[in-house]
Each structure stands twice: as structure tokens, then as C-alpha cells.
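Raw target.txt, compact mmCIF, C-alpha atoms:
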```txt
# COMPACT_ATOMS: atom_id res chain seq x y z
CA MET A 1 -24.87 19.21 -26.48
CA ASN A 2 -21.58 20.69 -25.40
CA PHE A 3 -18.14 19.22 -25.65
CA SER A 4 -17.81 17.94 -22.09
CA ALA A 5 -21.15 16.14 -22.26
CA SER A 6 -20.10 14.24 -25.37
CA LEU A 7 -16.80 13.34 -23.72
CA LYS A 8 -18.74 12.02 -20.78
CA THR A 9 -20.74 9.77 -23.11
CA LEU A 10 -17.50 8.54 -24.63
CA ARG A 11 -16.13 7.70 -21.20
CA HIS A 12 -19.32 5.83 -20.28
CA ILE A 13 -19.23 3.84 -23.53
CA THR A 14 -15.61 2.88 -22.89
CA HIS A 15 -16.56 1.80 -19.40
CA GLU A 16 -19.44 -0.36 -20.62
CA LEU A 17 -17.35 -1.94 -23.36
CA ARG A 18 -14.59 -2.75 -20.90
CA GLN A 19 -17.06 -4.31 -18.49
CA SER A 20 -18.62 -6.49 -21.14
CA SER A 21 -15.36 -7.52 -22.75
CA PRO A 22 -14.41 -11.10 -21.83
CA GLN A 23 -10.73 -10.20 -21.51
CA GLY A 24 -11.47 -7.06 -19.57
CA SER A 25 -9.26 -5.02 -21.84
CA LEU A 26 -10.02 -2.93 -24.89
CA LYS A 27 -6.61 -3.08 -26.46
CA ASP A 28 -7.85 -4.41 -29.77
CA SER A 29 -11.49 -3.46 -29.70
CA LEU A 30 -12.55 -2.58 -33.22
CA VAL A 31 -15.69 -0.85 -32.17
CA LEU A 32 -13.85 1.47 -29.80
CA ARG A 33 -11.37 2.38 -32.48
CA TYR A 34 -14.24 3.24 -34.79
CA ILE A 35 -15.91 5.37 -32.14
CA PHE A 36 -12.69 7.28 -31.49
CA ASP A 37 -12.36 7.89 -35.22
CA GLN A 38 -15.87 9.23 -35.35
CA TYR A 39 -15.25 11.51 -32.41
CA HIS A 40 -12.22 12.92 -34.17
CA LYS A 41 -14.12 13.33 -37.38
CA PHE A 42 -17.01 15.21 -35.89
CA LYS A 43 -14.96 17.33 -33.53
CA THR A 44 -14.65 20.15 -36.03
CA THR A 45 -17.10 20.81 -38.75
CA GLU A 46 -15.18 23.35 -40.79
CA GLN A 47 -13.53 21.09 -43.31
CA GLN A 48 -16.15 18.42 -43.54
CA VAL A 49 -19.66 18.09 -44.74
CA CYS A 50 -21.22 16.32 -41.86
CA LYS A 51 -24.55 15.95 -40.26
CA ALA A 52 -25.38 17.91 -37.22
CA GLN A 53 -23.10 17.02 -34.37
CA GLU A 54 -26.24 16.55 -32.36
CA GLU A 55 -27.17 13.52 -34.43
CA VAL A 56 -23.85 11.85 -33.78
CA ASN A 57 -24.25 12.51 -30.10
CA PHE A 58 -27.72 11.05 -30.19
CA ILE A 59 -26.40 7.87 -31.78
CA ALA A 60 -23.56 7.68 -29.25
CA ASN A 61 -26.05 8.02 -26.42
CA SER A 62 -28.31 5.39 -27.93
CA TYR A 63 -25.38 3.01 -28.17
CA LEU A 64 -24.52 3.72 -24.57
CA CYS A 65 -28.13 3.05 -23.60
CA TYR A 66 -28.01 -0.21 -25.53
CA LEU A 67 -24.83 -1.43 -23.85
CA ARG A 68 -25.96 -0.38 -20.41
CA SER A 69 -29.48 -1.75 -20.61
CA THR A 70 -28.31 -5.07 -22.01
CA ARG A 71 -25.83 -5.45 -19.16
CA LYS A 72 -28.31 -4.49 -16.45
CA ARG A 73 -30.97 -6.74 -17.90
CA GLN A 74 -28.56 -9.67 -17.87
CA GLU A 75 -27.54 -8.90 -14.29
CA ILE A 76 -31.14 -8.89 -13.07
CA HIS A 77 -31.86 -12.02 -15.06
CA ASP A 78 -28.87 -13.84 -13.61
CA GLN A 79 -29.77 -12.82 -10.10
CA TYR A 80 -33.40 -13.94 -10.16
CA HIS A 81 -33.51 -16.67 -12.75
CA GLY A 82 -34.49 -20.05 -11.28
CA ARG A 83 -31.75 -22.61 -11.15
CA GLY A 84 -34.05 -25.63 -10.94
CA GLU A 85 -34.65 -27.76 -7.89
CA ARG A 86 -32.30 -27.74 -4.92
CA SER A 87 -30.36 -30.89 -4.17
CA VAL A 88 -30.85 -32.83 -0.94
CA GLU A 89 -27.59 -31.47 0.46
CA GLU A 90 -28.52 -27.90 -0.32
CA THR A 91 -31.96 -28.24 1.25
CA ALA A 92 -30.46 -29.82 4.34
CA ARG A 93 -27.93 -27.04 4.68
CA LEU A 94 -30.68 -24.47 4.22
CA VAL A 95 -32.42 -25.58 7.39
CA GLY A 96 -29.23 -26.33 9.29
CA PHE A 97 -29.29 -30.12 9.08
CA LYS A 98 -26.58 -32.52 8.10
CA LEU A 99 -26.91 -35.68 6.09
CA PRO A 100 -26.35 -39.03 7.86
CA HIS A 101 -22.99 -39.59 6.23
CA ASP A 102 -21.63 -36.07 6.82
CA PRO A 103 -18.97 -35.72 9.52
CA LYS A 104 -20.34 -34.26 12.74
CA MET B 105 -62.23 -40.20 -32.09
CA ASN B 106 -59.31 -42.58 -32.47
CA ASN B 107 -58.85 -41.40 -35.97
CA ILE B 108 -58.61 -37.83 -34.89
CA LEU B 109 -56.09 -38.74 -32.26
CA ARG B 110 -54.00 -40.65 -34.74
CA ASN B 111 -53.98 -37.75 -37.14
CA CYS B 112 -53.10 -35.49 -34.30
CA ARG B 113 -50.26 -37.74 -33.31
CA SER B 114 -48.78 -37.94 -36.77
CA LEU B 115 -48.89 -34.16 -36.94
CA LEU B 116 -47.25 -33.88 -33.57
CA ASN B 117 -44.57 -36.37 -34.47
CA LYS B 118 -43.42 -34.03 -37.12
CA ASN B 119 -43.26 -30.86 -35.11
CA TYR B 120 -43.15 -31.47 -31.42
CA ASN B 121 -41.67 -33.74 -28.91
CA TYR B 122 -44.40 -35.05 -26.67
CA ILE B 123 -45.03 -37.64 -24.05
CA LEU B 124 -48.02 -39.91 -24.43
CA PHE B 125 -49.52 -41.71 -21.48
CA LYS B 126 -51.62 -44.88 -21.52
CA ASN B 127 -54.94 -43.10 -21.32
CA GLU B 128 -54.02 -40.85 -24.20
CA HIS B 129 -53.23 -37.77 -22.21
CA ILE B 130 -50.78 -35.74 -24.14
CA ILE B 131 -48.24 -33.57 -22.47
CA PHE B 132 -46.53 -31.11 -24.69
CA ARG B 133 -42.92 -30.48 -24.25
CA ARG B 134 -41.32 -27.77 -26.22
CA ASN B 135 -37.66 -28.33 -26.80
CA TYR B 136 -35.37 -25.37 -26.89
CA ALA B 137 -31.99 -25.66 -28.46
CA ALA B 138 -29.27 -25.82 -25.82
CA VAL B 139 -27.41 -22.57 -25.34
CA ARG B 140 -24.24 -22.78 -27.35
CA LYS B 141 -20.90 -22.27 -25.74
CA ARG B 142 -18.61 -19.64 -27.06
CA PHE B 143 -16.55 -21.33 -29.74
CA TYR B 144 -14.47 -18.43 -31.01
CA ARG B 145 -11.88 -16.13 -29.60
CA LYS B 146 -11.98 -13.02 -31.67
CA THR B 147 -14.61 -11.30 -33.70
CA GLY B 148 -13.98 -8.99 -36.63
CA ILE B 149 -15.50 -7.60 -39.76
CA LEU B 150 -14.74 -7.99 -43.45
CA TYR B 151 -15.54 -5.74 -46.38
CA ASN B 152 -16.63 -7.71 -49.37
CA ASP B 153 -18.48 -6.70 -52.50
CA GLY B 154 -19.83 -3.47 -51.06
CA LYS B 155 -21.10 -5.13 -47.91
CA TYR B 156 -19.76 -5.85 -44.49
CA GLU B 157 -19.57 -9.33 -43.00
CA VAL B 158 -18.87 -10.41 -39.44
CA THR B 159 -16.22 -12.99 -38.69
CA LEU B 160 -15.86 -15.24 -35.65
CA ASP B 161 -12.18 -16.21 -35.77
CA GLN B 162 -11.81 -17.43 -39.36
CA ARG B 163 -15.49 -18.37 -39.74
CA LYS B 164 -18.06 -16.11 -41.29
CA LEU B 165 -21.19 -15.39 -39.29
CA LYS B 166 -24.38 -16.81 -40.75
CA THR B 167 -28.03 -16.15 -40.04
CA PRO B 168 -30.32 -18.81 -38.52
CA ASN B 169 -31.56 -19.67 -42.01
CA GLY B 170 -28.03 -20.28 -43.18
CA ASN B 171 -27.63 -17.14 -45.25
CA LEU B 172 -24.43 -15.20 -45.09
CA PHE B 173 -24.68 -12.34 -42.60
CA THR B 174 -24.17 -9.09 -44.50
CA VAL B 175 -25.01 -5.50 -43.69
CA GLU B 176 -24.41 -2.34 -45.63
CA SER B 177 -23.17 -0.17 -42.84
CA GLU B 178 -19.78 -0.43 -41.20
CA PRO B 179 -20.80 0.76 -37.72
CA LEU B 180 -23.65 -1.74 -37.67
CA ALA B 181 -21.30 -4.60 -38.56
CA LEU B 182 -18.89 -3.40 -35.87
CA ALA B 183 -21.66 -3.23 -33.29
CA VAL B 184 -22.79 -6.76 -34.15
CA ALA B 185 -19.19 -8.02 -33.96
CA ALA B 186 -18.84 -6.31 -30.58
CA GLU B 187 -22.08 -7.90 -29.45
CA TRP B 188 -20.78 -11.36 -30.31
CA ASP B 189 -17.57 -10.49 -28.55
CA THR B 190 -19.37 -9.62 -25.31
CA GLN B 191 -20.77 -13.14 -24.95
CA LYS B 192 -18.76 -14.65 -22.18
CA GLU B 193 -19.02 -18.42 -21.77
CA LYS B 194 -22.35 -18.99 -23.43
CA ILE B 195 -23.87 -17.31 -26.43
CA GLN B 196 -27.11 -15.73 -25.20
CA GLN B 197 -28.68 -15.14 -28.56
CA ASN B 198 -32.01 -14.09 -27.11
CA SER B 199 -30.51 -10.91 -25.73
CA MET B 200 -28.59 -9.88 -28.83
CA TYR B 201 -31.15 -7.52 -30.26
CA LEU B 202 -28.95 -5.92 -32.89
CA SER B 203 -27.99 -9.28 -34.37
CA THR B 204 -31.60 -10.41 -34.15
CA LEU B 205 -32.79 -7.37 -36.08
CA CYS B 206 -30.20 -7.88 -38.80
CA ASN B 207 -31.01 -11.58 -39.01
CA THR B 208 -34.73 -10.93 -39.35
CA ALA B 209 -34.14 -8.38 -42.07
CA ILE B 210 -31.84 -10.74 -43.99
CA ASP B 211 -33.84 -13.95 -43.59
CA ASN B 212 -37.30 -12.37 -43.59
CA PRO B 213 -38.78 -15.58 -42.12
CA ASN B 214 -42.38 -14.44 -42.55
CA ASN B 215 -41.89 -13.46 -46.19
CA LEU B 216 -43.20 -9.99 -45.58
CA THR B 217 -42.99 -7.25 -48.11
CA LYS B 218 -42.26 -3.66 -47.27
CA TYR B 219 -45.87 -2.75 -48.05
CA ASP B 220 -47.25 -5.41 -45.66
CA MET B 221 -45.16 -4.04 -42.85
CA VAL B 222 -46.01 -0.41 -43.53
CA GLN B 223 -49.67 -1.40 -43.60
CA TYR B 224 -49.22 -3.13 -40.23
CA ILE B 225 -47.60 -0.07 -38.68
CA VAL B 226 -50.18 2.33 -40.07
CA ASN B 227 -53.03 0.17 -38.78
CA TYR B 228 -51.36 0.08 -35.40
CA LEU B 229 -51.91 3.81 -35.21
CA ASP B 230 -55.59 3.16 -34.42
CA THR B 231 -54.64 1.61 -31.11
CA ASP B 232 -51.62 3.71 -30.29
CA THR B 233 -50.88 3.73 -26.56
CA ILE B 234 -50.61 7.45 -26.14
CA LEU B 235 -53.96 8.12 -27.80
CA PHE B 236 -55.80 6.36 -25.00
CA GLN B 237 -55.74 8.28 -21.77
CA SER B 238 -57.12 7.33 -18.40
CA ASN B 239 -60.74 8.07 -17.51
CA GLU B 240 -60.65 6.51 -14.07
CA ASN B 241 -57.80 8.16 -12.29
CA GLU B 242 -57.55 11.94 -12.52
CA GLU B 243 -54.00 11.97 -11.20
CA LEU B 244 -52.87 9.56 -13.88
CA TYR B 245 -54.73 11.53 -16.50
CA LYS B 246 -52.92 14.69 -15.46
CA LEU B 247 -49.59 12.89 -15.73
CA GLN B 248 -50.49 11.56 -19.16
CA VAL B 249 -51.50 14.99 -20.40
CA GLN B 250 -48.28 16.43 -19.06
CA GLU B 251 -46.01 13.73 -20.51
CA TRP B 252 -47.76 12.43 -23.60
CA ASP B 253 -49.33 15.54 -25.06
CA PRO B 254 -46.03 17.24 -26.01
CA VAL B 255 -45.16 14.14 -28.05
CA LEU B 256 -48.57 14.20 -29.65
CA ASP B 257 -48.11 17.88 -30.53
CA TRP B 258 -44.70 17.13 -31.99
CA PHE B 259 -46.21 14.35 -34.10
CA CYS B 260 -48.99 16.57 -35.43
CA ASN B 261 -46.52 19.34 -36.26
CA ARG B 262 -43.91 17.12 -37.80
CA PHE B 263 -46.27 15.39 -40.20
CA GLN B 264 -48.82 18.19 -40.47
CA VAL B 265 -51.67 15.92 -39.46
CA LYS B 266 -54.44 15.90 -36.91
CA VAL B 267 -55.07 12.98 -34.58
CA GLN B 268 -57.44 12.91 -31.67
CA LYS B 269 -56.78 11.34 -28.33
CA SER B 270 -59.55 9.77 -26.35
CA ARG B 271 -60.59 8.91 -22.83
CA GLU B 272 -63.07 6.30 -23.99
CA MET B 273 -62.64 2.75 -25.18
CA CYS B 274 -63.49 3.68 -28.72
CA THR B 275 -61.73 6.51 -30.43
CA PRO B 276 -62.61 8.32 -33.58
CA ALA B 277 -60.71 6.32 -36.18
CA ILE B 278 -57.52 7.74 -37.61
CA SER B 279 -58.40 9.38 -40.90
CA ASP B 280 -57.17 8.02 -44.20
CA GLU B 281 -55.15 11.16 -44.90
CA VAL B 282 -53.14 10.67 -41.74
CA LYS B 283 -52.52 7.06 -42.63
CA ALA B 284 -51.50 8.02 -46.14
CA THR B 285 -49.05 10.63 -44.84
CA ILE B 286 -47.45 8.21 -42.42
CA SER B 287 -47.20 5.39 -44.93
CA LYS B 288 -45.66 7.77 -47.45
CA HIS B 289 -43.09 8.76 -44.86
CA LEU B 290 -42.34 5.15 -43.95
CA LEU B 291 -42.12 3.99 -47.54
CA SER B 292 -39.24 6.39 -48.09
CA TYR B 293 -37.14 4.12 -45.88
CA ASN B 294 -35.57 0.92 -47.10
CA PHE B 295 -36.72 -2.61 -46.33
CA ALA B 296 -34.40 -3.15 -43.36
CA CYS B 297 -35.45 0.09 -41.67
CA ILE B 298 -39.10 -0.91 -41.85
CA HIS B 299 -38.20 -4.12 -40.03
CA GLY B 300 -36.67 -1.90 -37.39
CA TYR B 301 -39.82 0.18 -37.19
CA VAL B 302 -42.03 -2.89 -36.75
CA PHE B 303 -39.77 -4.10 -33.95
CA GLY B 304 -39.89 -0.66 -32.33
CA VAL B 305 -43.68 -0.40 -32.59
CA ASP B 306 -44.09 -3.86 -31.08
CA THR B 307 -41.75 -2.90 -28.27
CA LEU B 308 -43.37 0.41 -27.35
CA LYS B 309 -46.92 -0.41 -28.42
CA SER B 310 -46.96 3.00 -30.01
CA VAL B 311 -46.24 4.24 -33.52
CA ILE B 312 -46.01 7.85 -32.40
CA LEU B 313 -43.40 7.17 -29.72
CA THR B 314 -41.37 5.05 -32.13
CA LEU B 315 -41.35 7.78 -34.75
CA ALA B 316 -40.48 10.39 -32.13
CA CYS B 317 -37.55 8.28 -31.03
CA ALA B 318 -36.32 7.50 -34.54
CA GLU B 319 -36.55 11.19 -35.42
CA ARG B 320 -34.51 12.10 -32.35
CA PHE B 321 -37.26 13.96 -30.54
CA LEU B 322 -37.05 11.51 -27.63
CA THR B 323 -34.12 9.54 -26.27
CA PRO B 324 -34.64 5.77 -26.04
CA GLU B 325 -34.75 5.99 -22.23
CA LYS B 326 -37.44 8.64 -22.31
CA ALA B 327 -39.51 6.86 -24.94
CA ALA B 328 -39.39 3.60 -22.97
CA LEU B 329 -40.46 5.51 -19.88
CA LEU B 330 -43.38 7.15 -21.68
CA SER B 331 -44.48 3.79 -23.00
CA ARG B 332 -44.54 2.42 -19.43
CA LEU B 333 -46.06 5.58 -17.96
CA GLU B 334 -49.04 3.91 -16.32
CA GLU B 335 -46.88 1.11 -14.93
CA GLU B 336 -44.49 3.69 -13.53
CA PHE B 337 -47.40 5.60 -12.00
CA GLN B 338 -48.85 2.49 -10.37
CA LEU B 339 -45.57 1.24 -9.00
CA GLY B 340 -45.03 4.62 -7.42
CA LYS B 341 -48.01 3.70 -5.26
CA TRP B 342 -47.64 -0.04 -4.85
CA GLY B 343 -43.90 -0.54 -4.82
CA ARG B 344 -41.26 -1.59 -7.25
CA VAL B 345 -40.31 -5.20 -7.87
CA GLU B 346 -36.86 -5.53 -9.38
CA TRP B 347 -37.37 -8.78 -11.25
CA ALA B 348 -40.50 -7.50 -12.93
CA HIS B 349 -40.42 -3.75 -13.33
CA ASP B 350 -36.70 -3.14 -13.61
CA LEU B 351 -36.25 -6.13 -15.88
CA ASN B 352 -39.04 -4.88 -18.12
CA GLN B 353 -37.61 -1.38 -18.18
CA GLN B 354 -34.10 -2.48 -19.10
CA ASP B 355 -35.42 -4.87 -21.70
CA LEU B 356 -37.54 -2.21 -23.37
CA GLN B 357 -34.63 0.22 -23.36
CA ALA B 358 -32.30 -2.36 -24.89
CA ARG B 359 -34.82 -3.27 -27.57
CA LEU B 360 -35.60 0.31 -28.40
CA SER B 361 -32.02 1.55 -28.53
CA ALA B 362 -31.19 -1.40 -30.80
CA THR B 363 -34.07 -0.30 -33.02
CA VAL B 364 -32.85 3.29 -33.11
CA LEU B 365 -29.32 2.24 -34.01
CA PHE B 366 -30.58 -0.19 -36.62
CA ILE B 367 -32.78 2.40 -38.31
CA HIS B 368 -30.08 5.06 -38.29
CA PHE B 369 -27.36 2.83 -39.64
CA ASN B 370 -29.62 1.48 -42.35
CA SER B 371 -30.97 4.78 -43.54
CA SER B 372 -28.90 6.47 -46.18
CA SER B 373 -28.53 9.64 -44.15
CA TRP B 374 -25.87 7.90 -42.12
CA LEU B 375 -23.42 7.84 -44.99
CA THR B 376 -20.95 10.61 -44.35
CA LYS B 377 -19.17 12.31 -47.14
CA GLN B 378 -15.89 13.94 -46.59
CA LYS B 379 -15.16 17.09 -48.49
CA SER B 380 -11.78 16.97 -50.17
CA LEU B 381 -9.33 19.19 -48.39
CA LEU B 382 -8.17 22.13 -50.42
```
Would you mind writing the file out in C-alpha cells?
Amino acid sequence: MNFSASLKTLRHITHELRQSSPQGSLKDSLVLRYIFDQYHKFKTTEQQVCKAQEEVNFIANSYLCYLRSTRKRQEIHDQYHGRGERSVEETARLVGFKLPHDPK
Amino acid sequence: MNNILRNCRSLLNKNYNYILFKNEHIIFRRNYAAVRKRFYRKTGILYNDGKYEVTLDQRKLKTPNGNLFTVESEPLALAVAAEWDTQKEKIQQNSMYLSTLCNTAIDNPNNLTKYDMVQYIVNYLDTDTILFQSNENEELYKLQVQEWDPVLDWFCNRFQVKVQKSREMCTPAISDEVKATISKHLLSYNFACIHGYVFGVDTLKSVILTLACAERFLTPEKAALLSRLEEEFQLGKWGRVEWAHDLNQQDLQARLSATVLFIHFNSSSWLTKQKSLL
């Protein structure tokens, strides 16, 4: 995998993490800091004994897949999951009726 | 009869919540614990005694059995902490596959040994999904040959074994040598990794695909696709339903990528050693 492809993965991971973060910011995200460290570490292989860069990229892509799939799964679930029975008001509104005590 | 019912009832009282009507009709009601609300602000990790722990504010994360949550790998602990951090208002523990995997490996609720699990995986090989190919639909068969056979070839090459695929209900059983080779390979992993493998095999319904994914021959997306190949083929003809097919696809991918991460972080090969700079 070439350099730009691994940068692309990094950008996607950052995007997913930001989306799933409750504050919407990654200012103090530990996991992101770790990932950046790893990217720096595996950028050059001259001074370090490290596994094939390919393996690191594979793990990064798997993590991206994990974040993305979990988010999409939750989105589909939220969209289609039953919310129980509708209330009388809701049912009435569904068919365009009003309840007796509603203003006309 | 009454005696049996009474015994039944005393048993039920212990384990289940049930409603009993006058004429002794029993309706079972299974109670699920209410989804917990998020009770912490920040998540972090701690290094203690050679192991990493996850913290929720000042509290330490525990497993469902009440054990302290500890893992040996830093990235895994970070990923779990991040997973807890992504829970917004409610803690959806059923979708936190990484935490689930770690919890299962720590608690080991079924009291399994490594050998039990390896035995389970090896026996699964007899009914591996990609060894059974269609004998009804030629088009599907062609697709399966095109997509599955390269993985099968990789498997045979990688482990120097021979397995036969089949188009019938009954296949020639996997030979003992093949099983011995695979169990030898699996036994070289540690206990936690084997838990990961079992989870992966149960997800994909295939030992070969799981191994191919863990050994980086297939990406998790591709392996999940190959596992659902027939489904994908059929829905190409009959239409795609988002809440069934897409949900299933995303779920499989999430489970499998969690498995891959879990196995990699738990296997010793992940430990990086830095050469001292001259």
C-alpha cells in the first residue's frame, strides 16, 4: 500500500472518530494520539525493527472497518427499530383526524 | 400432574419472571436489564502491573462477572476506552464487540479450556461454508468457484494440506492430518486469541475464511462478503432490504473486524521493539 492510501485511511479513521465522539471534537482523544504516534513510528523503517508496514495498514483498515460498520449498523437499527405502540394522538394525526378536545 | 407443575413453578421462580393464569397457562417473560445511561464523562487507560486497565472517570471498568478489566495490549485498551467513549446517552453494550470479546476472555463464563475451543474450531471444519458449493444453480456455482476457490487454494498452500469441496450434502470428512495441522497452528496462539477465533468462526460460519482474514489474506469486508455470497447472489435477483441485508452485512463486518483486531493485539507479534538509535 502506498503512502497516500495509508493517509486516506488515517483521514477516514479521524472522520469516524469525530462522528462518534459525543463532544464532536477530538482534542483529547487518546486513541487518535496513539494512532498518530504509530503512523509516525512506521513511516520510516530504517532505524526501527518493525513489522511489515503492510500489517500496520491492515490493522488500521480493520479498525476503520470496525468504526464504520458499528456506526452504520446503529444508524440502520435506529431507523427501523420498533418504538412500541402509537399513542391515540399519533394514530389520529396519522389519518388526519383530531381528538375531541383539540382546538379546531 | 400437579406435582410436576409445582416443581416446574419452583424452578421457574428461581430463574424467570412469569405470569401464571388461573387455568395454569404459563406465559414466559424474559426480563432484560434496562439499558444503562452514560454515567461518566471521560474514559482513559491505566498501566498497572504489566497490564492495561480502562477507567471511566475515576472508576475502573469491570467485567460483567465483577472481575477487573485488564488487557495486555495498549492499543486494545485504548480501543475499548474509545468504544466506551462513543456511547452517547445510553450504553449499548450489545454492540460493543471489542469489549464483549475482552470480557468473555477474562470471565470465561463457560469455563472452556483452550483445548476445548480448538477442538470446537477444528470440528467446525467439517461443515465449513466454503466447502459446500451449490448443485442447483449453475450461475451461483460459477460465482462460488470464482470467489471461494482462491481462498481454498490459499488455505491449502498456507498449511500444506488437502481439503475437498463438495456439491453434495455429505462431503468426504476432513482427514485427521488436516485437523492436526490446524489445531497445532491454533494452539500456538494464547487463550484470548482462541476466544477471538471462536467468535470469528461463529460469525462467518467458516474456519477457512476466519483464518484467511486473521492471516491478512482477506480484508474483513471481503471475508464478510464471501461468507454471505449466496445471500448477495440471491438479493441481486430479488432485491435488497435495508433492515435485513444491510443490517446483517454491517453487523458481520463489525464482528469480524473486532475479531481481527482482538487476535492481532493479543498475539505476541504485535509487540514492537524499537532498535536503540546509534
Handout entry: Residues of chain A within 12 Å of chain B, all atoms listed in the file counted, as an MDAnalysis selection string
Key = chainID A and resid 16:26 28:35 37:38 41:42 45:52 54:82
Handout entry: Point-to-point distance from CA of Gln268 (chain B) to CA of Leu330 (chain B), Å rounded to tenths
Key =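 Separation of CA of Gln268 (chain B) and CA of Leu330 (chain B): 18.2 Å.
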Problem - Atomic separation - CA of Thr14 (chain A) relative to CA of Tyr151 (chain B), Å - result: 25.0 Å
Exercise for the section: Calculate how many Å separate CA of Asn171 (chain B) from CA of Val222 (chain B), rounding to one decimal. Expected result: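 Interatomic distance here is 24.9 Å.
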Exercise for the section: Write out as number ranges by chain each polymer residue whose atoms come within 12 Å of Asn212 (chain B), counting only C-alpha atoms; drop sequence neighbours fewer than 2 positions from it. Expected result: B: 167-169, 171, 204-210, 214-218, 221, 295-296, 298-299
Problem - For Asn239 (chain B), the nearest of the candidates B:Val175, B:Ala284, B:Met273, B:Leu291, counting only C-alpha atoms - result: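 For Asn239 (chain B), the nearest of the given residues is B:Met273.
Distances to Phe36 (chain A) were evaluated for A:Leu10, A:Leu94, A:Leu99, A:Val88 using all atoms listed in the file, and the minimum falls at A:Leu10.
With distances taken over all atoms listed in the file, B:Ser177 is the one residue among B:Ser331, B:Ser177, B:Thr285, B:Gln338 lying closest to Ser371 (chain B).
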Problem - Nearest to Val305 (chain B), chosen from B:Thr233, B:Tyr219, B:Val265, B:Ala137, with only C-alpha atoms counted in the distances - result: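 For Val305 (chain B), the nearest of the given residues is B:Thr233.
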Using the structure block above, produce a file of region 157-164 of chain B that contains all heavy atoms, as a PDB file, in the first residue's frame.
```pdb
ATOM      1  N   GLU B 157      -5.567  -1.140  32.163  1.00  0.00           N
ATOM      2  CA  GLU B 157      -6.946  -1.107  32.651  1.00  0.00           C
ATOM      3  C   GLU B 157      -7.651   0.077  32.003  1.00  0.00           C
ATOM      4  O   GLU B 157      -7.013   1.017  31.564  1.00  0.00           O
ATOM      5  CB  GLU B 157      -6.953  -0.933  34.178  1.00  0.00           C
ATOM      6  CG  GLU B 157      -6.333  -2.102  34.903  1.00  0.00           C
ATOM      7  CD  GLU B 157      -5.998  -1.772  36.351  1.00  0.00           C
ATOM      8  OE1 GLU B 157      -6.421  -0.703  36.841  1.00  0.00           O
ATOM      9  OE2 GLU B 157      -5.311  -2.588  36.975  1.00  0.00           O
ATOM     10  N   VAL B 158      -8.969   0.004  31.979  1.00  0.00           N
ATOM     11  CA  VAL B 158      -9.753   1.100  31.389  1.00  0.00           C
ATOM     12  C   VAL B 158     -10.454   1.841  32.514  1.00  0.00           C
ATOM     13  O   VAL B 158     -10.977   1.218  33.441  1.00  0.00           O
ATOM     14  CB  VAL B 158     -10.783   0.538  30.388  1.00  0.00           C
ATOM     15  CG1 VAL B 158     -11.705   1.626  29.884  1.00  0.00           C
ATOM     16  CG2 VAL B 158     -10.067  -0.120  29.219  1.00  0.00           C
ATOM     17  N   THR B 159     -10.421   3.152  32.461  1.00  0.00           N
ATOM     18  CA  THR B 159     -11.104   3.919  33.502  1.00  0.00           C
ATOM     19  C   THR B 159     -12.260   4.722  32.910  1.00  0.00           C
ATOM     20  O   THR B 159     -12.169   5.229  31.800  1.00  0.00           O
ATOM     21  CB  THR B 159     -10.159   4.919  34.176  1.00  0.00           C
ATOM     22  OG1 THR B 159      -9.617   5.776  33.169  1.00  0.00           O
ATOM     23  CG2 THR B 159      -9.042   4.228  34.900  1.00  0.00           C
ATOM     24  N   LEU B 160     -13.354   4.777  33.667  1.00  0.00           N
ATOM     25  CA  LEU B 160     -14.480   5.642  33.327  1.00  0.00           C
ATOM     26  C   LEU B 160     -14.506   6.707  34.417  1.00  0.00           C
ATOM     27  O   LEU B 160     -14.863   6.411  35.545  1.00  0.00           O
ATOM     28  CB  LEU B 160     -15.786   4.853  33.321  1.00  0.00           C
ATOM     29  CG  LEU B 160     -15.775   3.556  32.508  1.00  0.00           C
ATOM     30  CD1 LEU B 160     -17.050   2.771  32.734  1.00  0.00           C
ATOM     31  CD2 LEU B 160     -15.594   3.850  31.036  1.00  0.00           C
ATOM     32  N   ASP B 161     -14.115   7.930  34.084  1.00  0.00           N
ATOM     33  CA  ASP B 161     -13.813   8.952  35.085  1.00  0.00           C
ATOM     34  C   ASP B 161     -12.812   8.388  36.086  1.00  0.00           C
ATOM     35  O   ASP B 161     -11.760   7.953  35.676  1.00  0.00           O
ATOM     36  CB  ASP B 161     -15.087   9.459  35.766  1.00  0.00           C
ATOM     37  CG  ASP B 161     -15.887  10.357  34.821  1.00  0.00           C
ATOM     38  OD1 ASP B 161     -15.290  10.815  33.826  1.00  0.00           O
ATOM     39  OD2 ASP B 161     -17.069  10.577  35.059  1.00  0.00           O
ATOM     40  N   GLN B 162     -13.183   8.342  37.392  1.00  0.00           N
ATOM     41  CA  GLN B 162     -12.194   7.802  38.337  1.00  0.00           C
ATOM     42  C   GLN B 162     -12.423   6.309  38.597  1.00  0.00           C
ATOM     43  O   GLN B 162     -11.637   5.661  39.263  1.00  0.00           O
ATOM     44  CB  GLN B 162     -12.195   8.597  39.647  1.00  0.00           C
ATOM     45  CG  GLN B 162     -13.369   8.383  40.573  1.00  0.00           C
ATOM     46  CD  GLN B 162     -14.636   9.042  40.053  1.00  0.00           C
ATOM     47  OE1 GLN B 162     -14.719   9.404  38.894  1.00  0.00           O
ATOM     48  NE2 GLN B 162     -15.643   9.191  40.905  1.00  0.00           N
ATOM     49  N   ARG B 163     -13.529   5.760  38.043  1.00  0.00           N
ATOM     50  CA  ARG B 163     -13.835   4.349  38.283  1.00  0.00           C
ATOM     51  C   ARG B 163     -13.073   3.441  37.331  1.00  0.00           C
ATOM     52  O   ARG B 163     -12.820   3.815  36.199  1.00  0.00           O
ATOM     53  CB  ARG B 163     -15.323   4.104  38.053  1.00  0.00           C
ATOM     54  CG  ARG B 163     -16.187   4.441  39.223  1.00  0.00           C
ATOM     55  CD  ARG B 163     -17.619   4.339  38.773  1.00  0.00           C
ATOM     56  NE  ARG B 163     -18.065   5.661  38.374  1.00  0.00           N
ATOM     57  CZ  ARG B 163     -19.147   6.225  38.905  1.00  0.00           C
ATOM     58  NH1 ARG B 163     -19.876   5.579  39.770  1.00  0.00           N
ATOM     59  NH2 ARG B 163     -19.502   7.426  38.540  1.00  0.00           N
ATOM     60  N   LYS B 164     -12.798   2.238  37.818  1.00  0.00           N
ATOM     61  CA  LYS B 164     -12.161   1.268  36.928  1.00  0.00           C
ATOM     62  C   LYS B 164     -13.235   0.400  36.302  1.00  0.00           C
ATOM     63  O   LYS B 164     -14.186  -0.009  36.975  1.00  0.00           O
ATOM     64  CB  LYS B 164     -11.208   0.386  37.725  1.00  0.00           C
ATOM     65  CG  LYS B 164      -9.907   1.086  38.041  1.00  0.00           C
ATOM     66  CD  LYS B 164      -8.977   0.176  38.797  1.00  0.00           C
ATOM     67  CE  LYS B 164      -7.670   0.890  39.074  1.00  0.00           C
ATOM     68  NZ  LYS B 164      -6.788   0.078  39.912  1.00  0.00           N
TER      69      LYS B 164
END
```
